[in-house]
Structure formats: structure tokens, C-alpha cells
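Structure first, then comments.
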Amino acid sequence: MKIKDYVNKYDPQNQFDVLVNSYKQIEFAWSNKFTINEIKSSDISNIIISGLGGSAISADLIKNYLGDEFKIPIVVNRNYDLPRFAGKNTLFIASSYSGNTEETISALNQAVKIGCKIICITTGGEVESIAKKNNLNCVKVQSGFQPRYSLGLSFFSLLKVFQQLNLISDQSEIVEKIIDLWREKGIEYSKDGNFAYNFAESLLGFIPVIYSVADSTSAVGYRLKCQFNENSKLHAFHNEIPEMNHNEIICWESFQEKTFHTKIINITDESYHPQIQKRFQILKEIFSKSGVETLTLTSSQVLYKIRLLDLIYSGDWISYYTGVLRGYDPSEIDNIYLLKDKLK
């Protein structure tokens, strides 16, 4: 079948078009006009970004994106409670696309009681209600998407918040290049026989094991793992190098294809430390000896920040195609809805 046949059969909510037009989310987020009141960058000693799922990955990604150029500690909080160090000099960012994520709401209420400096990023819901009640800064983003399909909104809204607070330099030039890249890649990845489709096709019948690099592409690897879970309805596993070289590497000594039918996905980048590059080469030899095929996901863009978002976008398309090729609706997340309903 052609791509449009898979889309028509398995994608009733048309996430295909959402992916093609994801660059428009960046345009919206970057042109979105908002003011941040009563927060000075000089008064911020640490940053806590609280969120789950698609809203939290933006926080992971911004840590990779900013890397060593950012001097203030950033903690990504995926829990009901705040870390004990949170205080009046903490910038607390509640990131919840729906505005109704119960863990984020709990952490937000604690941040209000503690007296943190607070910014909310949301489409509405309870988070917006708490923001209005307590006169908090609130950045409203475009509604109508599933959270994991709204990364362009959540990440670039978060990035703009950092820029508005003068925590980082002007990112406009890079953002414009990323918009152009996503626009071009959206056209490319929507055509029959494209890279993302072929990559997905090579994964059929296999469980992906993804390896990325700590503090560099770790968010890309974890995002891809989660996208396989939700879009493809597929188990996937992720670990980071060099940490996995101190434990998980041993498992490949006893690998048996009949019990674990897998393919490796190595996420690589030219910026990696030379020893990290060497580790990937050695690992590939180990995987090959065990009879496991290794696939590589990389970007040829010139700038690291653009390569990072290129990898994210490619991974989203790969997981989408893996889903529809397996005969699954990439929008369906029934078990998540079931869990939320029972938690009530």
C-alpha cells in the first residue's frame, strides 16, 4: 500500500497532517506575545520544570539544547511533590498541555505555598485556573493537539520563556532555521519511499533498543522510546552511553534472538566526545557478534541545536509510520485514559 492508504485506514484523527504541519506550531510559539511579571533572572538560583509525558520531554530537551552554555541548575520534576531545595529563589515552571495533569497540579500548588517564582505553560484546565486565582504568569498555547504531538508548542514556548527572562541569548535565527527544516522535512517525509517510512519498515517484527548519549542526545533517545510506546503501541527500551557501558553491556553476552527479537538504534552526533565515538564503534562490534543488527539515526545539519530538533522530528515520523505499518491507530491511548479514570 501507499502511504495515503495507511493513513486513510489507520489514522482517523489524521495525525499525519499534524506531523506535516508541525513547523506551524513553532511559528505560533515563537510569535506568541506574552509578558512575564515580577521575575528577575538575577533572583533565580535554580529551575524546576514540572510535567509528565509529552509536556515533560520539552524540559529534557531544553537541557540537551542549552548544554554547557546554561549555568543555572535545571531539574525536571515528574512527581507529585517538589524537591526539598525548592524555595523563593526557585523558578518553577508548570508545563501541562491539557492543564489537568494531576502530578503537575500537585507540584504547582506546593510551589504556590512555598513562594516560588512561577510560570505556567498550558492550554487551560486546572493549571490555568490556579494561575488566575493566584495571579501567576501563564503562557497560553494553542489547543487541539494530543500532548505528544504538540512538542513544537511546548518546547519553543519554554525556550521563549527562557529568552524573555534573559536567561539565554536571542534564539530567533536558529528557530527560523528549525522552522524551515521541519517544513522541508514534513514534505519529504510525507512522500512514498521516504527515509522515515523505510526506517520504520525495517523495524517491523522487532523490539527497538535505543542508545543515546547522556547530556547530549538523551532527550532524543527517551522521546523516541516513548513515541514507539504511544504511536506504535510497541515496547521499546532506551539507555544512555556511557552509563550503559557499566552495566547493560553485559546482557549482550547472553543474548538469544528467539527470546528477544530486537534491533539496536544508535543515535549519533558529530559533537560526541572522542571516547564516546569509540564506545559506539566497540558496541557495534559487540552487537554484531551477538547477531543483532544496528541501525543509526543521525543528522547532517551544521549546527548542533538544529541537529537535535532534526533528530526529534525524524523520530516522530519513524514512530508514526511504525504504528500505521503495524496496523495501529497512532492516536489511540486507551490504557492511559483507563488509568486516569480509575485514579479518579
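Just remember, in the C-alpha cells the first chain shown is A, the second B, etc., residues are 1-based per chain, and ligands are 1-based in the order shown.
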Query raised in the report: So which bits of stretch 257-331 of chain A end up alpha helix (DSSP H) when you DSSP the backbone, as a PyMOL selection string?
Result: chain A and resi 274-289+304-325
Query - Polymer residues at most 12 Å from A:Pro12, only C-alpha atoms, same-chain spacing of 2 or more positions, as a PyMOL selection string - result: chain A and resi 4-10+14-17+324+328-332
Query raised in the report: Using only C-alpha atoms, which residue out of A:Ile241, A:Val112, A:Val175, A:Ala94 lies closest to A:Arg279?
Result: A:Ile241
Pull the closest atom pair for each residue of stretch 267-334 of chain A that gets at most 10 Å from stretch 138-154 of chain A, along with the distance in Å to one decimal, counting only C-alpha atoms, ordering rows by chain and then ascending residue number, as a Markdown table.
| residue | atom | partner | partner_atom | distance |
| --- | --- | --- | --- | --- |
| A:Leu309 | CA | A:Gly152 | CA | 9.7 |
| A:Ile312 | CA | A:Leu151 | CA | 9.4 |
| A:Tyr313 | CA | A:Leu151 | CA | 9.4 |
| A:Asp316 | CA | A:Tyr149 | CA | 8.5 |
| A:Ser331 | CA | A:Gln146 | CA | 7.9 |
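For A:Gly186, the non-local neighbours within 8 Å, defined as residues at least 3 positions apart in the same chain or in other chains and counting only C-alpha atoms, are Leu19, Val20, Asn21, Ser22, Trp182, Arg183, Tyr189 and Ser190 of chain A.
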Query raised in the report: Hey, what's within 12 Å of A:Cys251 if we count only C-alpha atoms and toss same-chain stuff fewer than 5 positions away? As a list in words, please?
Result: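 Neighbouring residues, sequence-local ones excluded: Met244, Asn245, His246, Gln256, Phe260, Ile286, Phe287 and Ser290 of chain A.
Using only C-alpha atoms, the nearest neighbour of A:Ile49 within the list A:Lys117, A:Lys177, A:Arg78, A:Lys88 is A:Arg78.
In terms of minimum interatomic distance to A:Lys40, A:Leu165 ranks closest within A:Ala107, A:Ile267, A:Ile130, A:Leu165, counting only C-alpha atoms.
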Report task. Write out as a PyMOL selection string each polymer residue whose atoms come within 9 Å of A:Arg307, counting only C-alpha atoms; drop sequence neighbours fewer than 6 positions from it. Result -> chain A and resi 269+298-301
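Compared by their closest atoms to A:Gly54, and using only C-alpha atoms, the residues A:Gln227, A:Ser31, A:Glu128, A:Gly205 rank with A:Gln227 nearest.
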A:Thr217: which residues within 9 Å, counting only C-alpha atoms, same-chain residues fewer than 2 positions away excluded, as a PDB file with N, CA and C atoms, in the first residue's frame?
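Output file around00.pdb follows:
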ATOM      1  N   LEU A  61      14.577  18.088  26.766  1.00  0.00           N
ATOM      2  CA  LEU A  61      15.183  18.551  25.522  1.00  0.00           C
ATOM      3  C   LEU A  61      15.893  19.882  25.696  1.00  0.00           C
ATOM      4  N   ASN A  64      19.363  19.377  27.008  1.00  0.00           N
ATOM      5  CA  ASN A  64      20.282  18.973  25.934  1.00  0.00           C
ATOM      6  C   ASN A  64      20.599  20.155  25.027  1.00  0.00           C
ATOM      7  N   TYR A  65      19.578  20.910  24.671  1.00  0.00           N
ATOM      8  CA  TYR A  65      19.689  22.009  23.718  1.00  0.00           C
ATOM      9  C   TYR A  65      20.634  23.097  24.219  1.00  0.00           C
ATOM     10  N   SER A 212      21.391   6.466  23.262  1.00  0.00           N
ATOM     11  CA  SER A 212      21.789   7.848  23.003  1.00  0.00           C
ATOM     12  C   SER A 212      22.849   8.224  24.027  1.00  0.00           C
ATOM     13  N   VAL A 213      23.214   9.495  24.091  1.00  0.00           N
ATOM     14  CA  VAL A 213      24.333   9.915  24.937  1.00  0.00           C
ATOM     15  C   VAL A 213      23.867  10.893  26.017  1.00  0.00           C
ATOM     16  N   ALA A 214      24.294  10.654  27.233  1.00  0.00           N
ATOM     17  CA  ALA A 214      23.925  11.480  28.373  1.00  0.00           C
ATOM     18  C   ALA A 214      24.293  12.938  28.135  1.00  0.00           C
ATOM     19  N   ASP A 215      23.366  13.830  28.463  1.00  0.00           N
ATOM     20  CA  ASP A 215      23.576  15.280  28.413  1.00  0.00           C
ATOM     21  C   ASP A 215      23.767  15.813  27.000  1.00  0.00           C
ATOM     22  N   ALA A 219      17.583  13.190  25.516  1.00  0.00           N
ATOM     23  CA  ALA A 219      16.164  13.503  25.324  1.00  0.00           C
ATOM     24  C   ALA A 219      15.644  12.923  24.015  1.00  0.00           C
ATOM     25  N   VAL A 220      16.494  12.885  22.998  1.00  0.00           N
ATOM     26  CA  VAL A 220      16.107  12.312  21.707  1.00  0.00           C
ATOM     27  C   VAL A 220      15.810  10.824  21.870  1.00  0.00           C
ATOM     28  N   GLY A 221      16.700  10.120  22.570  1.00  0.00           N
ATOM     29  CA  GLY A 221      16.519   8.692  22.783  1.00  0.00           C
ATOM     30  C   GLY A 221      15.282   8.378  23.586  1.00  0.00           C
ATOM     31  N   TYR A 222      15.070   9.129  24.674  1.00  0.00           N
ATOM     32  CA  TYR A 222      13.910   8.864  25.522  1.00  0.00           C
ATOM     33  C   TYR A 222      12.616   9.230  24.800  1.00  0.00           C
ATOM     34  N   GLU A 240      21.445   5.205  28.143  1.00  0.00           N
ATOM     35  CA  GLU A 240      22.396   6.244  27.754  1.00  0.00           C
ATOM     36  C   GLU A 240      23.830   5.742  27.859  1.00  0.00           C
ATOM     37  N   ILE A 267      21.735   6.497  18.316  1.00  0.00           N
ATOM     38  CA  ILE A 267      21.564   7.908  17.968  1.00  0.00           C
ATOM     39  C   ILE A 267      22.931   8.572  18.073  1.00  0.00           C
ATOM     40  N   THR A 268      23.451   9.005  16.959  1.00  0.00           N
ATOM     41  CA  THR A 268      24.828   9.504  16.927  1.00  0.00           C
ATOM     42  C   THR A 268      24.863  10.982  16.542  1.00  0.00           C
ATOM     43  N   ASP A 269      25.952  11.639  16.944  1.00  0.00           N
ATOM     44  CA  ASP A 269      26.147  13.045  16.603  1.00  0.00           C
ATOM     45  C   ASP A 269      27.632  13.357  16.565  1.00  0.00           C
ATOM     46  N   LEU A 308      19.691  18.493  16.770  1.00  0.00           N
ATOM     47  CA  LEU A 308      18.896  17.933  17.862  1.00  0.00           C
ATOM     48  C   LEU A 308      17.414  17.915  17.499  1.00  0.00           C
ATOM     49  N   LEU A 311      16.665  15.398  14.699  1.00  0.00           N
ATOM     50  CA  LEU A 311      16.548  14.035  15.206  1.00  0.00           C
ATOM     51  C   LEU A 311      15.190  13.794  15.869  1.00  0.00           C
TER      52      LEU A 311
END
Report task. Return the single residue from A:Leu234, A:Val127, A:Cys226, A:Val292 that is closest to A:Trp252, with distances computed using only C-alpha atoms. Result -> A:Val292
**Report entry** 9 Å contact set for A:Ile119, only C-alpha atoms, chain neighbours under 5 positions out, as a ChimeraX atom specification
**Finding:** /A:36,91-95,131,136-139,161
Report summary line: Counting only C-alpha atoms, the residue among A:Glu248, A:Glu102, A:Glu69, A:Asp180 that lies closest to A:Ile168 is A:Glu69
Query raised in the report: Between atom CA of A:Leu82 and atom CA of A:Asp334, what is the distance, to one decimal in Å?
Result: 29.1 Å
Query raised in the report: Do you have the atom CA of A:Lys185-atom CA of A:Gln25 distance handy?
Result: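 Computed distance, atom CA of A:Lys185 to atom CA of A:Gln25, equals 14.6 Å.
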